[in-house]
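Student: Below you'll find the structure I mean.
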2 protein chains.
Amino acid sequence: MDLDLRKLRYFAAVAEHGHFGRAAEQLYIAQPVLSRQIRALEQELGCTLLARTTRSVQLTPAGEQLYEEARGVFATVDAAVRRVHEIDRGVERLVVAFAPGLHVSEAVRAFTAAHPSVEIELLHLNWWEQDAPLRDGRAHVGYLRQPFDSTGLRVVPVGSEPKVACLPAAHPLARRRSLTWADLDGEPILDAHARRTSSVEEKFELIAAGHGIAMVPQSVARSYSRPDLVYRPVTDAVPVQTCVVVAEDRQERRVLDFVAVAERTLGDEPARLAAVD
Amino acid sequence: MDLDLRKLRYFAAVAEHGHFGRAAEQLYIAQPVLSRQIRALEQELGCTLLARTTRSVQLTPAGEQLYEEARGVFATVDAAVRRVHEIDRGVERLVVAFAPGLHVSEAVRAFTAAHPSVEIELLHLNWWEQDAPLRDGRAHVGYLRQPFDSTGLRVVPVGSEPKVACLPAAHPLARRRSLTWADLDGEPILDAHARRTSSVEEKFELIAAGHGIAMVPQSVARSYSRPDLVYRPVTDAVPVQTCVVVAEDRQERRVLDFVAVAERTLGDEPARLAAVD
DNA sequence: TAAAAATACTCCATAGGTATTTTAT
DNA sequence: ATAAAATACCTATGGAGTATTTTTA
């Protein structure tokens, strides 16, 4: 049922040495034990990992893949255990998530000044999955942009920002200083859901390549701007709300404190940024 | 020694239900078994995970943390096993890593056109760890920027780009069109190693906040530009080499093919971009 | 034929089961 | 008084050991 990490460690040793005997030696177990364990692992996974002859042991493609995956698995597990120990020793952690284009570092600095002992970790969210990490515990607090699914979440609006159209620099509409929805009628709009195109950067690549245009919040345009793309305000587009968000059942002191700090610090961000223009 | 994923799964069930009996029921095991396994897990980890009374089971802070970590661990393991199965079924994968600011999507598109069945995954590298993922198998091929440790790697130079100074918009030197090293004498330079400041975005936040200036490759300036920062060429700074890189022992057909495509596609990128200016 | 993996078997640690006790509300 | 976790004790699976066989370069 569950992957056995001991067997995975054994397998990694064999893959590394290309030799059951020497791997067994390094693992301080007998060679036959290792043979059996690897066979068992192959059975559990339902695929052959090693091509054995009596003179050599070679990885199959699946074995190669598992060997590469093994590092990641152990790194993840070790980090998880380490963080649990840290918490047990009294270290306080706070994972702050933020949507692409939004900046939390100012809030983090203000919070850290008041709570120097809290270890902060940042989590860069993606378009399509803004809320899930807050609900499932991967992040304690988030700085998000509407819309998102707010069930089970406490949402504190802190500001709003206009939407801009992102166009190739050579696009006819790029000459205009500002646009309306009517101007964009008939343009191919790249929807976030249309492609499984992950990052903002990828989307902008598509636009630059002439595959379409997109409506993005102003802060995204600012943060990921490129010389071959232009951004034009769409005057009748509804502005986007930015919010600080926590799971409803989070009552930890440091989390509530961060929300308070973030509300103060991030609240006037749109105004501040606008002044820079 | 190794964390036992079965015990972790059991723990997650108890954490979810807040009740040993119901968790045991859901796991199709007897309640005393569960009690013992959780105790064993606590012993192995060396910390208490649950505060038990006969009427309620509550998570300790360490338990809370482990419950949150559990999702990530299982997600990692499941994804690893899934990818191994895919490879075993004959799916070809190619993980392409790229340094911040560099764009590989054009090479990816060209490669995908020729090899539609190869599943491509992108890996966004960080400043300080460009080469390791290529050496340890996390990525098959990379698009990097000098300098990096090239031991065990095959390096194909494909272009070079100038370095620019990144300054706050309000900085006195921002009025100048171009700079020399002599102009920057005495300015506080933010080194990548100075702070453990992870992302490019963070570094730029620090610059915007007036903590110093930085020298960055032109493509980084382009991709992460902000209205409150300006970028000025430093005429006597040595240009940065960009390279396509693979581990020396990689001989897979699809990897070599990608290198060839990337060499063609990315080779003239600086020229192309320069033309846009 | 020799080096290396696989098989045969034995032993014991531990997961899992049932019956019962302890404990806090 | 009672619901729920812990303990006691049993069984059996499977991990680890040693001795031996099989395999192929």
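Note on naming: chains are A, B, ... as they come in the structure tokens, residues start from 1 per chain, ligands start from 1 in the order shown.
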Residues of chain A within 7 Å of chain B, using only C-alpha atoms, as JSON, numbers by chain?

Tutor: {"A": [2, 5, 6, 47, 61, 62, 65, 66, 68, 69, 73, 76, 77, 80, 84, 87, 88, 137, 138, 222, 223, 224, 225, 226, 227, 228, 276]}

Student: For the selection you just gave me, I'd like the residues written to a file as a CSV table (one decimal), in the first residue's frame, keeping C-alpha atoms.

Tutor:
```csv
chain,number,residue,atom,x,y,z
A,2,ASP,CA,2.4,2.7,1.1
A,5,LEU,CA,11.1,4.1,2.5
A,6,ARG,CA,13.5,1.5,3.8
A,47,CYS,CA,7.6,-2.9,-12.6
A,61,PRO,CA,14.2,3.4,-17.5
A,62,ALA,CA,11.8,3.0,-14.6
A,65,GLN,CA,13.3,7.5,-12.8
A,66,LEU,CA,12.9,6.0,-9.3
A,68,GLU,CA,16.0,10.3,-9.5
A,69,GLU,CA,12.7,10.5,-7.6
A,73,VAL,CA,11.3,11.9,-1.6
A,76,THR,CA,10.8,16.1,1.5
A,77,VAL,CA,10.6,13.6,4.3
A,80,ALA,CA,9.2,17.5,7.2
A,84,VAL,CA,8.3,19.0,13.3
A,87,ILE,CA,8.2,23.2,16.3
A,88,ASP,CA,8.6,20.7,19.2
A,137,GLY,CA,-2.4,24.0,5.9
A,138,ARG,CA,0.4,24.5,3.5
A,222,ARG,CA,4.3,45.7,-13.3
A,223,SER,CA,6.1,42.7,-11.9
A,224,TYR,CA,6.5,40.6,-15.1
A,225,SER,CA,6.7,43.4,-17.7
A,226,ARG,CA,8.8,42.7,-20.8
A,227,PRO,CA,10.0,45.1,-23.5
A,228,ASP,CA,8.1,43.2,-26.2
A,276,VAL,CA,5.1,56.2,-8.4
```

Student: With only C-alpha atoms (C1' of nucleotides) considered, list every residue of chain A at most 9 Å from chain D, as a list in words.

Tutor: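 Going by the stated atoms only, the list reads Ile29, Ala30, Val33, Gln37, Thr53, Thr54 and Arg55 of chain A.
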
Student: Dump C-alpha atoms for the selected residues as a short mmCIF file (atom, residue, chain, number, x, y, z; two decimals), in the first residue's frame?

Tutor:
```
data_model
loop_
_atom_site.label_atom_id
_atom_site.label_comp_id
_atom_site.auth_asym_id
_atom_site.auth_seq_id
_atom_site.Cartn_x
_atom_site.Cartn_y
_atom_site.Cartn_z
CA ILE A 29 22.95 -5.90 5.78
CA ALA A 30 23.56 -9.24 4.09
CA VAL A 33 18.40 -9.64 2.19
CA GLN A 37 13.96 -6.51 -0.66
CA THR A 53 23.29 -10.17 -15.10
CA THR A 54 25.80 -11.88 -12.86
CA ARG A 55 28.43 -9.42 -14.02
#
```

Student: When DSSP works through the backbone of this structure, what residues of stretch 50-265 of chain A end up as strand (DSSP E or B), shown as an NGL selection string?

Tutor: :A and (50-52 or 57-59 or 92-98 or 118-124 or 141-145 or 153-161 or 163-168 or 179 or 189 or 213-217 or 225 or 229-234 or 240-247)

Student: Find the residues in chain C near chain A: any atom within 9 Å counts, using only C-alpha atoms (C1' of nucleotides). Write them as a list of chain:residue names.

Tutor: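 Residues of chain C within 9 Å of chain A, counting only C-alpha atoms (C1' of nucleotides): C:DA3, C:DA4, C:DA5, C:DA6, C:DT7.
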
Student: Can you tell me which residues surround stretch 173-178 of chain A at a distance of at most 12 Å, considering only C-alpha atoms (C1' of nucleotides), apart from same-chain residues fewer than 5 positions away, and format the answer as a PyMOL selection string?

Tutor: chain A and resi 163-168+183-185+187+213+228-237

Student: If DSSP is run on the backbone, what residues of stretch 6-236 of chain B are helix (DSSP H, G or I)? A reply as a PDB file with C-alpha atoms, in the first residue's frame would be ideal.

Tutor:
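Output saved as part08.pdb:
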```pdb
ATOM      1  CA  ARG B   6       2.122   3.622   7.260  1.00  0.00           C
ATOM      2  CA  LYS B   7       2.406   5.138  10.711  1.00  0.00           C
ATOM      3  CA  LEU B   8       2.236   8.607   9.203  1.00  0.00           C
ATOM      4  CA  ARG B   9      -0.962   7.675   7.396  1.00  0.00           C
ATOM      5  CA  TYR B  10      -2.398   6.322  10.633  1.00  0.00           C
ATOM      6  CA  PHE B  11      -1.464   9.499  12.429  1.00  0.00           C
ATOM      7  CA  ALA B  12      -3.073  11.641   9.758  1.00  0.00           C
ATOM      8  CA  ALA B  13      -6.311   9.676  10.191  1.00  0.00           C
ATOM      9  CA  VAL B  14      -6.318  10.252  13.955  1.00  0.00           C
ATOM     10  CA  ALA B  15      -5.513  13.921  13.470  1.00  0.00           C
ATOM     11  CA  GLU B  16      -8.345  14.230  10.990  1.00  0.00           C
ATOM     12  CA  HIS B  17     -10.947  12.515  13.166  1.00  0.00           C
ATOM     13  CA  PHE B  20      -8.781   6.902  17.743  1.00  0.00           C
ATOM     14  CA  GLY B  21     -11.849   4.668  17.453  1.00  0.00           C
ATOM     15  CA  ARG B  22     -13.302   6.322  14.375  1.00  0.00           C
ATOM     16  CA  ALA B  23      -9.895   6.650  12.744  1.00  0.00           C
ATOM     17  CA  ALA B  24      -9.260   2.937  13.310  1.00  0.00           C
ATOM     18  CA  GLU B  25     -12.618   2.159  11.782  1.00  0.00           C
ATOM     19  CA  GLN B  26     -11.798   4.168   8.679  1.00  0.00           C
ATOM     20  CA  LEU B  27      -8.385   2.468   8.438  1.00  0.00           C
ATOM     21  CA  GLN B  31      -8.344   0.603  17.838  1.00  0.00           C
ATOM     22  CA  PRO B  32      -5.570  -0.798  20.103  1.00  0.00           C
ATOM     23  CA  VAL B  33      -3.346  -1.309  17.066  1.00  0.00           C
ATOM     24  CA  LEU B  34      -3.750   2.332  16.244  1.00  0.00           C
ATOM     25  CA  SER B  35      -2.962   3.415  19.792  1.00  0.00           C
ATOM     26  CA  ARG B  36       0.260   1.435  19.733  1.00  0.00           C
ATOM     27  CA  GLN B  37       1.319   2.622  16.288  1.00  0.00           C
ATOM     28  CA  ILE B  38       0.840   6.255  17.183  1.00  0.00           C
ATOM     29  CA  ARG B  39       2.807   5.783  20.396  1.00  0.00           C
ATOM     30  CA  ALA B  40       5.565   4.115  18.410  1.00  0.00           C
ATOM     31  CA  LEU B  41       5.576   7.025  15.963  1.00  0.00           C
ATOM     32  CA  GLU B  42       5.850   9.471  18.836  1.00  0.00           C
ATOM     33  CA  GLN B  43       8.787   7.493  20.220  1.00  0.00           C
ATOM     34  CA  GLU B  44      10.536   7.314  16.872  1.00  0.00           C
ATOM     35  CA  LEU B  45      10.141  11.055  16.349  1.00  0.00           C
ATOM     36  CA  PRO B  61       1.963  22.063  18.039  1.00  0.00           C
ATOM     37  CA  ALA B  62       4.350  19.358  16.785  1.00  0.00           C
ATOM     38  CA  GLY B  63       1.355  17.204  15.889  1.00  0.00           C
ATOM     39  CA  GLU B  64      -0.237  20.095  14.037  1.00  0.00           C
ATOM     40  CA  GLN B  65       2.951  20.563  12.077  1.00  0.00           C
ATOM     41  CA  LEU B  66       3.258  16.870  11.247  1.00  0.00           C
ATOM     42  CA  TYR B  67      -0.348  16.792  10.093  1.00  0.00           C
ATOM     43  CA  GLU B  68       0.370  19.644   7.712  1.00  0.00           C
ATOM     44  CA  GLU B  69       3.604  18.041   6.533  1.00  0.00           C
ATOM     45  CA  ALA B  70       1.880  14.711   5.927  1.00  0.00           C
ATOM     46  CA  ARG B  71      -0.010  16.017   2.903  1.00  0.00           C
ATOM     47  CA  GLY B  72       3.171  17.192   1.246  1.00  0.00           C
ATOM     48  CA  VAL B  73       4.949  13.935   1.972  1.00  0.00           C
ATOM     49  CA  PHE B  74       2.166  11.832   0.489  1.00  0.00           C
ATOM     50  CA  ALA B  75       1.805  14.136  -2.496  1.00  0.00           C
ATOM     51  CA  THR B  76       5.530  13.843  -3.189  1.00  0.00           C
ATOM     52  CA  VAL B  77       5.585  10.078  -2.826  1.00  0.00           C
ATOM     53  CA  ASP B  78       2.456   9.555  -4.906  1.00  0.00           C
ATOM     54  CA  ALA B  79       3.766  11.801  -7.678  1.00  0.00           C
ATOM     55  CA  ALA B  80       7.096   9.950  -7.651  1.00  0.00           C
ATOM     56  CA  VAL B  81       5.420   6.555  -7.969  1.00  0.00           C
ATOM     57  CA  ARG B  82       3.108   7.860 -10.649  1.00  0.00           C
ATOM     58  CA  ARG B  83       6.020   9.118 -12.733  1.00  0.00           C
ATOM     59  CA  VAL B  84       7.860   5.814 -12.360  1.00  0.00           C
ATOM     60  CA  HIS B  85       4.776   4.015 -13.645  1.00  0.00           C
ATOM     61  CA  GLU B  86       4.515   6.428 -16.556  1.00  0.00           C
ATOM     62  CA  ILE B  87       8.112   5.764 -17.543  1.00  0.00           C
ATOM     63  CA  ASP B  88       7.472   2.045 -17.230  1.00  0.00           C
ATOM     64  CA  SER B 105       9.563  28.250 -24.094  1.00  0.00           C
ATOM     65  CA  GLU B 106      10.620  28.840 -27.663  1.00  0.00           C
ATOM     66  CA  ALA B 107      13.026  25.897 -27.547  1.00  0.00           C
ATOM     67  CA  VAL B 108      10.331  23.829 -25.838  1.00  0.00           C
ATOM     68  CA  ARG B 109       7.840  24.622 -28.581  1.00  0.00           C
ATOM     69  CA  ALA B 110      10.325  23.731 -31.300  1.00  0.00           C
ATOM     70  CA  PHE B 111      11.247  20.503 -29.548  1.00  0.00           C
ATOM     71  CA  THR B 112       7.632  19.547 -28.873  1.00  0.00           C
ATOM     72  CA  ALA B 113       6.788  20.049 -32.519  1.00  0.00           C
ATOM     73  CA  ALA B 114       9.405  17.437 -33.431  1.00  0.00           C
ATOM     74  CA  ALA B 132      23.103  20.952  -8.782  1.00  0.00           C
ATOM     75  CA  PRO B 133      19.739  19.871 -10.281  1.00  0.00           C
ATOM     76  CA  LEU B 134      21.514  18.854 -13.493  1.00  0.00           C
ATOM     77  CA  ARG B 135      24.085  16.819 -11.667  1.00  0.00           C
ATOM     78  CA  PRO B 172      21.096  60.025  -8.324  1.00  0.00           C
ATOM     79  CA  LEU B 173      22.772  57.699 -10.855  1.00  0.00           C
ATOM     80  CA  ALA B 174      19.376  56.862 -12.354  1.00  0.00           C
ATOM     81  CA  ARG B 175      19.511  60.069 -14.371  1.00  0.00           C
ATOM     82  CA  TRP B 181      32.285  50.559 -12.634  1.00  0.00           C
ATOM     83  CA  ALA B 182      33.959  53.764 -11.515  1.00  0.00           C
ATOM     84  CA  ASP B 183      30.522  55.413 -11.125  1.00  0.00           C
ATOM     85  CA  LEU B 184      29.433  52.634  -8.769  1.00  0.00           C
ATOM     86  CA  VAL B 200      14.910  37.763  -7.511  1.00  0.00           C
ATOM     87  CA  GLU B 201      11.730  39.510  -6.460  1.00  0.00           C
ATOM     88  CA  GLU B 202      12.966  39.728  -2.882  1.00  0.00           C
ATOM     89  CA  LYS B 203      16.279  41.192  -3.962  1.00  0.00           C
ATOM     90  CA  PHE B 204      14.463  43.827  -5.989  1.00  0.00           C
ATOM     91  CA  GLU B 205      12.311  44.627  -2.976  1.00  0.00           C
ATOM     92  CA  LEU B 206      15.457  45.302  -1.004  1.00  0.00           C
ATOM     93  CA  ILE B 207      16.785  47.582  -3.710  1.00  0.00           C
ATOM     94  CA  ALA B 208      13.497  49.446  -3.946  1.00  0.00           C
ATOM     95  CA  GLN B 218      20.027  42.220 -18.737  1.00  0.00           C
ATOM     96  CA  SER B 219      17.480  39.426 -19.116  1.00  0.00           C
ATOM     97  CA  VAL B 220      16.765  39.485 -15.382  1.00  0.00           C
ATOM     98  CA  ALA B 221      16.209  43.229 -15.566  1.00  0.00           C
ATOM     99  CA  ARG B 222      13.802  42.736 -18.467  1.00  0.00           C
ATOM    100  CA  SER B 223      11.802  39.936 -16.915  1.00  0.00           C
TER     101      SER B 223
END
```

Student: Between atom CA of A:Trp128 and atom CA of A:Thr180, measure the distance and give it in Å to one decimal.

Tutor: 25.6 Å

Student: For atom CA of A:Gln146 and atom CA of A:Ile120, quote the distance in Å rounded to one decimal.

Tutor: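 One can read the atom CA of A:Gln146 to atom CA of A:Ile120 distance as 24.3 Å.
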
Student: Could you state the separation of atom CA of B:Thr151 and atom CA of B:Leu190 in Å, given to one decimal place?

Tutor: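 Those two atoms sit 27.4 Å apart.
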